[in-house]
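Engineer: The structure file start_25.pdb (PDB, C-alpha atoms and all ligand atoms) is provided below.
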```
ATOM      1  CA  MET O 502       0.000   0.000   0.000
ATOM      2  CA  THR O 503       1.219   3.514  -0.720
ATOM      3  CA  GLY O 504      -0.116   6.981  -0.060
ATOM      4  CA  PRO O 505      -1.577   8.279  -3.296
ATOM      5  CA  ASP O 506      -0.879  12.012  -3.068
ATOM      6  CA  ILE O 507       1.884  12.289  -0.515
ATOM      7  CA  PRO O 508       5.214  13.524  -1.935
ATOM      8  CA  GLU O 509       8.177  11.736  -0.355
ATOM      9  CA  SER O 510       9.801  15.135   0.234
ATOM     10  CA  HIS O 511       7.026  16.075   2.681
ATOM     11  CA  PRO O 512       8.599  16.504   6.157
ATOM     12  CA  ARG O 513       5.874  14.320   7.694
ATOM     13  CA  TYR O 514       5.810  11.753   4.869
ATOM     14  CA  GLU O 515       6.005   8.662   7.113
ATOM     15  CA  SER O 516       3.376   9.966   9.467
ATOM     16  CA  LEU O 517       0.966  10.838   6.646
ATOM     17  CA  LEU O 518       1.560   7.497   4.950
ATOM     18  CA  THR O 519       0.763   5.739   8.220
ATOM     19  CA  ARG O 520      -2.478   7.709   8.566
ATOM     20  CA  HIS O 521      -3.412   6.780   5.034
ATOM     21  CA  ARG O 522      -2.862   3.096   5.763
ATOM     22  CA  ILE O 523      -5.068   3.240   8.854
ATOM     23  CA  GLU O 524      -7.810   5.072   6.951
ATOM     24  CA  GLU O 525      -7.602   2.467   4.210
ATOM     25  CA  GLY O 526      -7.771  -0.262   6.865
ATOM     26  CA  VAL O 527     -11.059   1.189   8.117
ATOM     27  CA  ASP O 528     -12.400   1.401   4.542
ATOM     28  CA  LEU O 529     -11.458  -2.256   3.952
ATOM     29  CA  GLY O 530     -13.226  -3.355   7.147
ATOM     30  CA  ILE O 531      -9.936  -4.440   8.719
ATOM     31  CA  THR O 532      -9.340  -1.695  11.266
ATOM     32  CA  SER O 533     -11.939  -0.632  13.840
ATOM     33  CA  ARG O 534     -12.939   3.024  14.103
ATOM     34  CA  GLN O 535     -11.389   2.963  17.576
ATOM     35  CA  GLY O 536      -8.190   2.087  15.768
ATOM     36  CA  LEU O 537      -8.124   5.650  14.417
ATOM     37  CA  ILE O 538      -8.098   6.966  17.973
ATOM     38  CA  ALA O 539      -5.367   4.524  18.989
ATOM     39  CA  GLN O 540      -3.312   5.705  16.013
ATOM     40  CA  GLY O 541      -3.689   9.332  17.107
ATOM     41  CA  ARG O 542      -2.460   8.470  20.584
ATOM     42  CA  GLY O 543       0.483   6.634  19.120
ATOM     43  CA  GLU O 544       1.393   9.528  16.832
ATOM     44  CA  ALA O 545       1.539  11.933  19.754
ATOM     45  CA  PHE O 546       4.049   9.730  21.563
ATOM     46  CA  ASP O 547       6.025   9.147  18.380
ATOM     47  CA  TYR O 548       6.330  12.914  17.940
ATOM     48  CA  LEU O 549       7.643  13.233  21.503
ATOM     49  CA  LEU O 550      10.144  10.421  20.917
ATOM     50  CA  GLY O 551      11.521  12.242  17.849
ATOM     51  CA  GLU O 552       9.928   9.819  15.353
ATOM     52  CA  GLU O 553      12.964   7.580  15.446
ATOM     53  CA  THR O 554      14.040   4.298  16.990
ATOM     54  CA  ILE O 555      15.837   5.289  20.180
ATOM     55  CA  PRO O 556      18.793   3.090  21.291
ATOM     56  CA  SER O 557      16.848   1.442  24.140
ATOM     57  CA  ALA O 558      14.084   0.475  21.678
ATOM     58  CA  ASP O 559      16.670  -1.055  19.379
ATOM     59  CA  ASP O 560      18.039  -3.089  22.323
ATOM     60  CA  ALA O 561      14.486  -4.180  23.108
ATOM     61  CA  ALA O 562      13.892  -5.231  19.493
ATOM     62  CA  ARG O 563      17.040  -7.352  19.636
ATOM     63  CA  ALA O 564      16.024  -8.962  22.948
ATOM     64  CA  ALA O 565      12.547  -9.616  21.539
ATOM     65  CA  ALA O 566      14.070 -11.276  18.467
ATOM     66  CA  ALA O 567      16.204 -13.465  20.767
ATOM     67  CA  HIS O 568      13.060 -14.462  22.727
ATOM     68  CA  LEU O 569      11.188 -15.409  19.541
ATOM     69  CA  LEU O 570      14.145 -17.462  18.251
ATOM     70  CA  SER O 571      14.508 -19.267  21.617
ATOM     71  CA  ALA O 572      10.804 -19.970  22.091
ATOM     72  CA  ASP O 573       9.154 -23.389  21.787
ATOM     73  CA  GLN O 574       5.930 -21.921  20.437
ATOM     74  CA  PRO O 575       6.153 -18.229  19.530
ATOM     75  CA  VAL O 576       3.037 -16.434  18.271
ATOM     76  CA  LEU O 577       2.650 -12.974  16.716
ATOM     77  CA  SER O 578      -0.712 -11.449  17.578
ATOM     78  CA  VAL O 579      -2.306  -9.268  14.891
ATOM     79  CA  ASN O 580      -5.124  -6.768  15.465
ATOM     80  CA  GLY O 581      -6.865  -4.379  13.083
ATOM     81  CA  ASN O 582      -4.217  -1.655  13.347
ATOM     82  CA  VAL O 583      -1.313  -4.040  12.887
ATOM     83  CA  ALA O 584      -2.961  -5.644   9.848
ATOM     84  CA  ALA O 585      -3.430  -2.244   8.216
ATOM     85  CA  LEU O 586       0.001  -0.850   9.060
ATOM     86  CA  ALA O 587       2.412  -3.736   8.601
ATOM     87  CA  PRO O 588       0.875  -6.919   7.123
ATOM     88  CA  GLY O 589       3.842  -7.935   4.950
ATOM     89  CA  GLU O 590       6.288  -6.954   7.685
ATOM     90  CA  MET O 591       4.527  -9.237  10.198
ATOM     91  CA  VAL O 592       4.653 -12.109   7.700
ATOM     92  CA  ALA O 593       8.397 -11.482   7.227
ATOM     93  CA  LEU O 594       8.966 -11.477  11.008
ATOM     94  CA  ALA O 595       7.063 -14.757  11.333
ATOM     95  CA  ALA O 596       9.239 -16.282   8.602
ATOM     96  CA  ALA O 597      12.465 -15.044  10.217
ATOM     97  CA  THR O 598      11.569 -16.437  13.662
ATOM     98  CA  GLY O 599       9.427 -19.502  12.937
ATOM     99  CA  ALA O 600       6.482 -17.894  14.750
ATOM    100  CA  ASP O 601       2.792 -18.458  14.054
ATOM    101  CA  ILE O 602       0.510 -15.540  13.221
ATOM    102  CA  GLU O 603      -2.799 -15.249  15.070
ATOM    103  CA  VAL O 604      -5.542 -12.677  14.571
ATOM    104  CA  ASN O 605      -6.685 -11.520  18.009
ATOM    105  CA  LEU O 606      -9.092  -8.620  18.278
ATOM    106  CA  PHE O 607     -10.213  -6.315  21.044
ATOM    107  CA  ASN O 608     -13.471  -5.601  19.198
ATOM    108  CA  ARG O 609     -13.920  -9.086  17.751
ATOM    109  CA  THR O 610     -16.367  -9.694  14.918
ATOM    110  CA  GLU O 611     -16.231 -12.751  12.664
ATOM    111  CA  ALA O 612     -16.356 -10.532   9.548
ATOM    112  CA  ARG O 613     -13.300  -8.557  10.639
ATOM    113  CA  MET O 614     -11.461 -11.744  11.689
ATOM    114  CA  GLU O 615     -11.996 -13.194   8.185
ATOM    115  CA  ARG O 616     -11.019  -9.995   6.390
ATOM    116  CA  ILE O 617      -7.806  -9.646   8.378
ATOM    117  CA  ALA O 618      -6.901 -13.312   7.796
ATOM    118  CA  ASP O 619      -7.487 -12.842   4.047
ATOM    119  CA  HIS O 620      -5.450  -9.630   4.048
ATOM    120  CA  LEU O 621      -2.530 -11.423   5.747
ATOM    121  CA  ARG O 622      -2.742 -14.273   3.234
ATOM    122  CA  GLU O 623      -2.656 -11.708   0.414
ATOM    123  CA  HIS O 624       0.590 -10.497   1.976
ATOM    124  CA  GLY O 625       2.150 -13.952   1.979
ATOM    125  CA  ALA O 626       0.947 -15.640   5.193
ATOM    126  CA  GLU O 627       0.513 -19.376   4.713
ATOM    127  CA  GLU O 628      -1.344 -20.164   7.903
ATOM    128  CA  VAL O 629      -3.322 -17.692   9.970
ATOM    129  CA  LYS O 630      -4.614 -18.750  13.391
ATOM    130  CA  GLY O 631      -7.380 -17.179  15.447
ATOM    131  CA  LEU O 632     -10.445 -18.403  13.631
ATOM    132  CA  ASN O 633     -10.887 -21.647  15.624
ATOM    133  CA  ALA O 634     -11.709 -19.693  18.782
ATOM    134  CA  ASP O 635     -11.435 -22.813  20.964
ATOM    135  CA  GLY O 636      -9.349 -21.275  23.752
ATOM    136  CA  ARG O 637      -9.792 -18.489  26.296
ATOM    137  CA  ILE O 638      -7.673 -16.028  28.222
ATOM    138  CA  PRO O 639      -8.870 -16.320  31.844
ATOM    139  CA  GLY O 640     -10.056 -13.182  33.617
ATOM    140  CA  LEU O 641     -11.380 -11.249  30.612
ATOM    141  CA  ASP O 642     -14.908 -10.668  29.412
ATOM    142  CA  HIS O 643     -16.294 -12.550  26.421
ATOM    143  CA  GLU O 644     -15.020 -11.389  23.013
ATOM    144  CA  ARG O 645     -11.582 -10.128  23.970
ATOM    145  CA  ALA O 646     -10.741 -13.430  25.683
ATOM    146  CA  THR O 647     -11.149 -15.608  22.600
ATOM    147  CA  VAL O 648      -7.974 -17.270  21.248
ATOM    148  CA  ASP O 649      -6.943 -20.484  19.487
ATOM    149  CA  ALA O 650      -6.020 -23.247  21.945
ATOM    150  CA  ASP O 651      -3.089 -24.317  19.761
ATOM    151  CA  GLY O 652      -2.066 -20.685  19.126
ATOM    152  CA  ILE O 653      -1.921 -17.963  21.758
ATOM    153  CA  GLY O 654      -3.628 -20.409  24.154
ATOM    154  CA  SER O 655      -0.557 -22.641  24.350
ATOM    155  CA  ALA O 656       2.189 -20.227  23.207
ATOM    156  CA  ASP O 657       5.165 -19.620  25.485
ATOM    157  CA  VAL O 658       6.185 -16.292  23.879
ATOM    158  CA  VAL O 659       3.667 -13.844  22.381
ATOM    159  CA  LEU O 660       4.303 -10.592  20.519
ATOM    160  CA  VAL O 661       1.384  -8.262  21.222
ATOM    161  CA  PRO O 662       1.690  -4.974  19.345
ATOM    162  CA  LEU O 663      -0.689  -2.096  20.220
ATOM    163  CA  GLU O 664      -2.516  -4.115  22.821
ATOM    164  CA  ASP O 665      -5.099  -2.864  25.284
ATOM    165  CA  GLY O 666      -3.795  -2.910  28.851
ATOM    166  CA  ASP O 667      -6.255  -5.406  30.348
ATOM    167  CA  ARG O 668      -5.548  -8.124  27.861
ATOM    168  CA  ALA O 669      -1.806  -7.549  27.951
ATOM    169  CA  ALA O 670      -1.930  -7.972  31.735
ATOM    170  CA  ALA O 671      -4.142 -11.082  31.448
ATOM    171  CA  LEU O 672      -1.734 -12.715  28.997
ATOM    172  CA  ALA O 673       1.175 -11.968  31.309
ATOM    173  CA  GLU O 674      -0.881 -13.497  34.171
ATOM    174  CA  MET O 675      -1.079 -16.741  32.153
ATOM    175  CA  GLY O 676       2.697 -16.969  32.508
ATOM    176  CA  LYS O 677       3.463 -16.167  28.894
ATOM    177  CA  THR O 678       6.511 -14.152  27.990
ATOM    178  CA  GLU O 679       5.021 -11.046  26.523
ATOM    179  CA  LEU O 680       6.779  -8.850  23.983
ATOM    180  CA  VAL O 681       4.923  -5.556  23.519
ATOM    181  CA  ILE O 682       5.288  -2.851  20.869
ATOM    182  CA  ASP O 683       3.751   0.360  22.213
ATOM    183  CA  LEU O 684       4.780   3.971  21.725
ATOM    184  CA  ASN O 685       3.512   4.882  25.198
ATOM    185  CA  PRO O 686       6.068   3.772  27.802
ATOM    186  CA  MET O 687       3.499   4.482  30.558
ATOM    187  CA  SER O 688       0.781   2.219  29.136
ATOM    188  CA  ARG O 689      -0.122  -0.854  31.161
ATOM    189  CA  SER O 690       0.793  -3.015  28.164
ATOM    190  CA  ALA O 691       4.336  -1.672  28.078
ATOM    191  CA  GLN O 692       4.586  -1.858  31.869
ATOM    192  CA  SER O 693       3.480  -5.507  32.042
ATOM    193  CA  ALA O 694       5.747  -6.715  29.204
ATOM    194  CA  ALA O 695       8.861  -8.832  29.633
ATOM    195  CA  VAL O 696      10.189  -6.811  26.694
ATOM    196  CA  PRO O 697       8.571  -3.414  26.006
ATOM    197  CA  ILE O 698       9.580  -2.059  22.601
ATOM    198  CA  VAL O 699       8.758   1.656  22.769
ATOM    199  CA  ASP O 700       8.780   2.380  19.062
ATOM    200  CA  ASN O 701       6.425   2.809  16.135
ATOM    201  CA  LEU O 702       5.190  -0.540  14.846
ATOM    202  CA  ILE O 703       6.180   0.425  11.308
ATOM    203  CA  ARG O 704       9.838   0.772  12.385
ATOM    204  CA  ALA O 705       9.898  -1.861  15.139
ATOM    205  CA  VAL O 706       8.720  -4.875  13.135
ATOM    206  CA  PRO O 707      11.289  -4.646  10.292
ATOM    207  CA  ASN O 708      13.936  -3.903  12.928
ATOM    208  CA  MET O 709      13.039  -7.073  14.843
ATOM    209  CA  THR O 710      13.214  -9.047  11.591
ATOM    210  CA  ALA O 711      16.689  -7.649  10.838
ATOM    211  CA  HIS O 712      17.844  -8.619  14.353
ATOM    212  CA  ALA O 713      16.308 -12.093  14.018
ATOM    213  CA  GLU O 714      18.092 -12.635  10.718
ATOM    214  CA  ALA O 715      21.386 -11.484  12.213
ATOM    215  CA  LEU O 716      20.938 -13.763  15.259
ATOM    216  CA  ALA O 717      19.650 -16.797  13.365
ATOM    217  CA  GLY O 718      22.941 -18.689  13.442
ATOM    218  CA  GLU O 719      23.694 -18.022  17.139
ATOM    219  CA  ASP O 720      23.665 -20.785  19.730
ATOM    220  CA  ALA O 721      21.180 -21.035  22.593
ATOM    221  CA  SER O 722      23.536 -19.592  25.215
ATOM    222  CA  THR O 723      24.227 -16.448  23.146
ATOM    223  CA  LEU O 724      20.487 -15.861  22.785
ATOM    224  CA  GLU O 725      20.033 -16.483  26.510
ATOM    225  CA  ASN O 726      22.694 -13.885  27.330
ATOM    226  CA  ILE O 727      20.962 -11.290  25.142
ATOM    227  CA  ILE O 728      17.671 -12.048  26.911
ATOM    228  CA  ASP O 729      19.244 -11.900  30.387
ATOM    229  CA  ASP O 730      21.097  -8.650  29.683
ATOM    230  CA  PHE O 731      17.907  -6.808  28.705
ATOM    231  CA  ASP O 732      16.428  -4.646  31.477
ATOM    232  CA  ALA O 733      12.748  -3.763  30.875
ATOM    233  CA  ASP O 734      12.593  -1.080  33.585
ATOM    234  CA  ALA O 735      15.693   0.628  32.198
ATOM    235  CA  ALA O 736      14.188   0.598  28.687
ATOM    236  CA  LEU O 737      10.960   2.200  29.946
ATOM    237  CA  SER O 738      12.918   4.832  31.907
ATOM    238  CA  ALA O 739      15.070   5.642  28.858
ATOM    239  CA  ALA O 740      11.945   6.223  26.753
ATOM    240  CA  GLU O 741      10.366   8.423  29.436
ATOM    241  CA  GLU O 742      13.581  10.433  29.690
ATOM    242  CA  ARG O 743      13.638  10.939  25.932
ATOM    243  CA  ILE O 744      10.059  12.228  26.033
ATOM    244  CA  ARG O 745      10.893  14.686  28.825
ATOM    245  CA  ASP O 746      14.112  15.895  27.195
ATOM    246  CA  ILE O 747      12.867  16.588  23.707
TER     247      ILE O 747
HETATM  248  O1  LIG O 801      -8.390  -4.218  16.113
HETATM  249  P1  LIG O 801      -8.832  -4.360  17.540
HETATM  250  O2  LIG O 801     -10.319  -4.561  17.672
HETATM  251  O3  LIG O 801      -8.083  -5.452  18.278
HETATM  252  O4  LIG O 801      -8.509  -2.971  18.309
HETATM  253  C1  LIG O 801      -7.190  -2.480  18.332
HETATM  254  C2  LIG O 801      -7.046  -1.198  19.170
HETATM  255  C3  LIG O 801      -5.646  -0.641  18.896
HETATM  256  C4  LIG O 801      -8.114  -0.190  18.746
HETATM  257  C5  LIG O 801      -7.210  -1.546  20.670
HETATM  258  O5  LIG O 801      -6.288  -2.533  21.023
HETATM  259  C6  LIG O 801      -7.090  -0.316  21.540
HETATM  260  O6  LIG O 801      -8.049   0.380  21.839
HETATM  261  O7  LIG O 801      -5.851  -0.041  21.930
HETATM  262  P2  LIG O 801      -5.490   1.190  22.913
HETATM  263  O8  LIG O 801      -5.965   0.887  24.292
HETATM  264  O9  LIG O 801      -5.886   2.483  22.265
HETATM  265  O10 LIG O 801      -3.918   1.119  22.937
HETATM  266  C7  LIG O 801      -3.148   1.276  21.805
HETATM  267  C8  LIG O 801      -1.728   1.624  22.226
HETATM  268  O11 LIG O 801      -0.895   1.515  21.085
HETATM  269  C9  LIG O 801      -1.563   3.060  22.760
HETATM  270  O12 LIG O 801      -0.738   3.045  23.912
HETATM  271  C10 LIG O 801      -0.863   3.808  21.616
HETATM  272  O13 LIG O 801       0.030   4.796  22.109
HETATM  273  C11 LIG O 801      -0.095   2.691  20.934
HETATM  274  N1  LIG O 801       0.094   2.884  19.482
HETATM  275  C12 LIG O 801      -0.777   3.415  18.594
HETATM  276  N2  LIG O 801      -0.265   3.403  17.342
HETATM  277  C13 LIG O 801       0.959   2.810  17.430
HETATM  278  C14 LIG O 801       1.189   2.480  18.799
HETATM  279  N3  LIG O 801       2.310   1.880  19.206
HETATM  280  C15 LIG O 801       3.232   1.573  18.262
HETATM  281  N4  LIG O 801       3.087   1.867  16.943
HETATM  282  C16 LIG O 801       1.970   2.481  16.486
HETATM  283  N5  LIG O 801       1.834   2.749  15.186
END
```
Would you write out, as structure tokens, the structure that this file holds?

Structural biologist:
Amino acid sequence: MTGPDIPESHPRYESLLTRHRIEEGVDLGITSRQGLIAQGRGEAFDYLLGEETIPSADDAARAAAAHLLSADQPVLSVNGNVAALAPGEMVALAAATGADIEVNLFNRTEARMERIADHLREHGAEEVKGLNADGRIPGLDHERATVDADGIGSADVVLVPLEDGDRAAALAEMGKTELVIDLNPMSRSAQSAAVPIVDNLIRAVPNMTAHAEALAGEDASTLENIIDDFDADAALSAAEERIRDI
């Protein structure tokens, strides 16, 4: 997808392109209207972070890649915003890490589930989970709790980009290692993550893929060291400091 009338020389090219993708996602029935509001919140934080991947977010992306490569059953969760913003990039990350892709929606409707699964297949996904709906996340009300038993239900490591705080906390409660991409370092999702990646999804996902490709040949102990060396609280503090200093 490209922005039709946005010249690349425009100083806010990336930001406008991202808006266009979200708008198009709503038009295609992929993204919820609430997704527009979520995008606006994200943009505000991205502006305060300087619209770039800060060093602590790059470290987090590397640690997250190490987690995915070390996992027994890694799953990448995709919602309506993620599907609109980075469908091909999520497929590439899944391929680089051996992870499954599962559609998991806050505002779940069967029509949107199907459209997102189709959209991901159009971008190269071979298998898309989430449609079986035979598992549940304990402690959440009906629709948001629905997952596939052989997907997020039994995963050991889950990437949850742009997640709502309740569900992020509930997944962490289930003992899963949670990797979160969220531009707001103060959100409950970022705060409850084993690895909070405080960066824009459109930069963070390709960055994780590049790290995964670079780490692919490493042995288990090297990956373990990268995971152990990562400090989630320090990463959140670094992002908050950047926001205050800008
Ligand atoms: O498609 P659904 O039904 O699953 O709904 C998805 C949304 C995103 C609408 C739902 O999960 C939601 O309401 O999320 P929240 O509670 O608004 O949280 C979204 C978080 O993602 C906020 O903290 C935003 O700052 C952050 N965010 C928004 N856009 C981006 C982002 N983080 C990274 N990259 C972005 N592009």

Engineer: Neighbouring residues of ligand LIG 801 (chain O) are defined here as those with any atom at most 6 Å from a ligand atom, counting all atoms listed in the file; list them as a ChimeraX atom specification.

Structural biologist: /O:532-533,535-536,539-540,542-543,580-582,606-609,663-665,682-685,688,700-702

Engineer: Using only C-alpha atoms, find the one residue out of O:Ser690, O:Leu716, O:Leu577, O:Leu586 that sits nearest to Ile523 (chain O).

Structural biologist: O:Leu586

Engineer: Nearest to Glu679 (chain O) among O:Ala565, O:Lys630, O:Leu641, O:Asp547, with distances taken over only C-alpha atoms: which residue is it?

Structural biologist: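 Among the listed residues, O:Ala565 lies closest to Glu679 (chain O).
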
Engineer: Excluding Arg668 (chain O) and any residue of its chain fewer than 5 positions from it, enumerate the residues within 10 Å of it, using only C-alpha atoms, and give them as a list in words.

Structural biologist: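 In the requested format, the answer is Phe607, Ile638, Pro639, Gly640, Leu641, Asp642, Arg645, Ala646, Val661, Ala673, Glu674, Arg689 and Ser690 of chain O.
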
Engineer: Counting all atoms listed in the file, figure out which residue out of O:Gly551, O:Pro662, O:Pro575, O:Gly541 gets nearest to Arg743 (chain O).

Structural biologist: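 Comparing O:Gly551, O:Pro662, O:Pro575, O:Gly541 against Arg743 (chain O), the winner is O:Gly551.
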
Engineer: Which of these residues is nearest to Ala705 (chain O), using all atoms listed in the file: O:Ser655, O:Ser557, O:Ser571, O:Asn726?

Structural biologist: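 Closest to Ala705 (chain O) of all the choices is O:Ser557.
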
Engineer: Please identify all polymer residues within 8 Å of Leu570 (chain O), counting all atoms listed in the file, omitting same-chain residues fewer than 6 positions from it, and present them as a PyMOL selection string.

Structural biologist: chain O and resi 598-599+713+717+724

Engineer: From the list O:Leu632, O:Ala585, O:Ala735, O:Ala545, which residue is nearest Asp651 (chain O) when using only C-alpha atoms?

Structural biologist: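 So, comparing all the options, the nearest one is O:Leu632.
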
Engineer: Could you tell me how far CA of Ala669 (chain O) sits from CA of Glu644 (chain O), in Å to one decimal place?

Structural biologist: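 CA of Ala669 (chain O) lies at a distance of 14.6 Å from CA of Glu644 (chain O).
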
Engineer: Return as lines of an AutoDock Vina configuration file the centre and edge lengths, in Å with one decimal, of the box along x, y and z that encloses every atom of region 700-719 of chain O in the file, padded by 6 Å per side.

Structural biologist:
```
center_x = 14.4
center_y = -7.9
center_z = 14.7
size_x = 30.5
size_y = 33.5
size_z = 20.8
```

Engineer: Calculated over only C-alpha atoms, which of the candidates O:Met614, O:Ala694, O:Ala721, O:Leu621 has the smallest distance to Asn633 (chain O)?

Structural biologist: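 Ranked by minimum distance to Asn633 (chain O), first place goes to O:Met614.
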
Engineer: Can you turn the PyMOL selection byres (((chain O and resi 695) around 9) and not hetatm) into a concrete residue list for this file, as an NGL selection string?

Structural biologist: :O and (565 or 673 or 678-681 or 691-694 or 696-697 or 732-733)

Engineer: Going by the chain IDs and residue numbers used in this file, which residues fall under the PyMOL selection byres (((chain O and resi 742) around 12) and not hetatm)? Write them as a ChimeraX atom specification.

Structural biologist: /O:549-550,555,557,686-687,735-741,743-747

Engineer: Given the file shown, determine the residues that the PyMOL selection byres (((chain O and resi 634) around 9) and not hetatm) selects; report them as a ChimeraX atom specification.

Structural biologist: /O:630-633,635-637,647-650

Engineer: Just the number, please: distance in Å from CA of Ala596 (chain O) to CA of Glu714 (chain O), one decimal.

Structural biologist: 9.8 Å

Engineer: For a test of reading the model, state the distance in Å between CA of Thr710 (chain O) and CA of Ala562 (chain O), rounded to one decimal.

Structural biologist: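 That distance, rounded to one decimal, is 8.8 Å.
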
Engineer: Residues near region 508-515 of chain O, anyone? I mean within 12 Å using all atoms listed in the file, not counting same-chain ones fewer than 4 positions away, as number ranges by chain.

Structural biologist: O: 503-504, 519-522, 544, 547-548, 551-553, 586, 701, 703-704

Engineer: Using only C-alpha atoms, collect all residues at a distance of at most 9 Å from (-8.7, -12.6, 8.3) as written in the file, then present them as a ChimeraX atom specification.

Structural biologist: /O:531,604,611-622,629-632

Engineer: For the residues in that selection, give me C-alpha atoms as a tab-separated table (two decimals), in the coordinates of the input.

Structural biologist:
```
chain	number	residue	atom	x	y	z
O	531	ILE	CA	-9.94	-4.44	8.72
O	604	VAL	CA	-5.54	-12.68	14.57
O	611	GLU	CA	-16.23	-12.75	12.66
O	612	ALA	CA	-16.36	-10.53	9.55
O	613	ARG	CA	-13.30	-8.56	10.64
O	614	MET	CA	-11.46	-11.74	11.69
O	615	GLU	CA	-12.00	-13.19	8.18
O	616	ARG	CA	-11.02	-9.99	6.39
O	617	ILE	CA	-7.81	-9.65	8.38
O	618	ALA	CA	-6.90	-13.31	7.80
O	619	ASP	CA	-7.49	-12.84	4.05
O	620	HIS	CA	-5.45	-9.63	4.05
O	621	LEU	CA	-2.53	-11.42	5.75
O	622	ARG	CA	-2.74	-14.27	3.23
O	629	VAL	CA	-3.32	-17.69	9.97
O	630	LYS	CA	-4.61	-18.75	13.39
O	631	GLY	CA	-7.38	-17.18	15.45
O	632	LEU	CA	-10.44	-18.40	13.63
```

Engineer: Please provide the set of residues having any atom within 12 Å of Ala600 (chain O), restricted to all atoms listed in the file, with same-chain residues fewer than 3 positions apart removed, written as a PyMOL selection string.

Structural biologist: chain O and resi 566+568-578+591-597+603+626-630+652-653+656-660+710+713
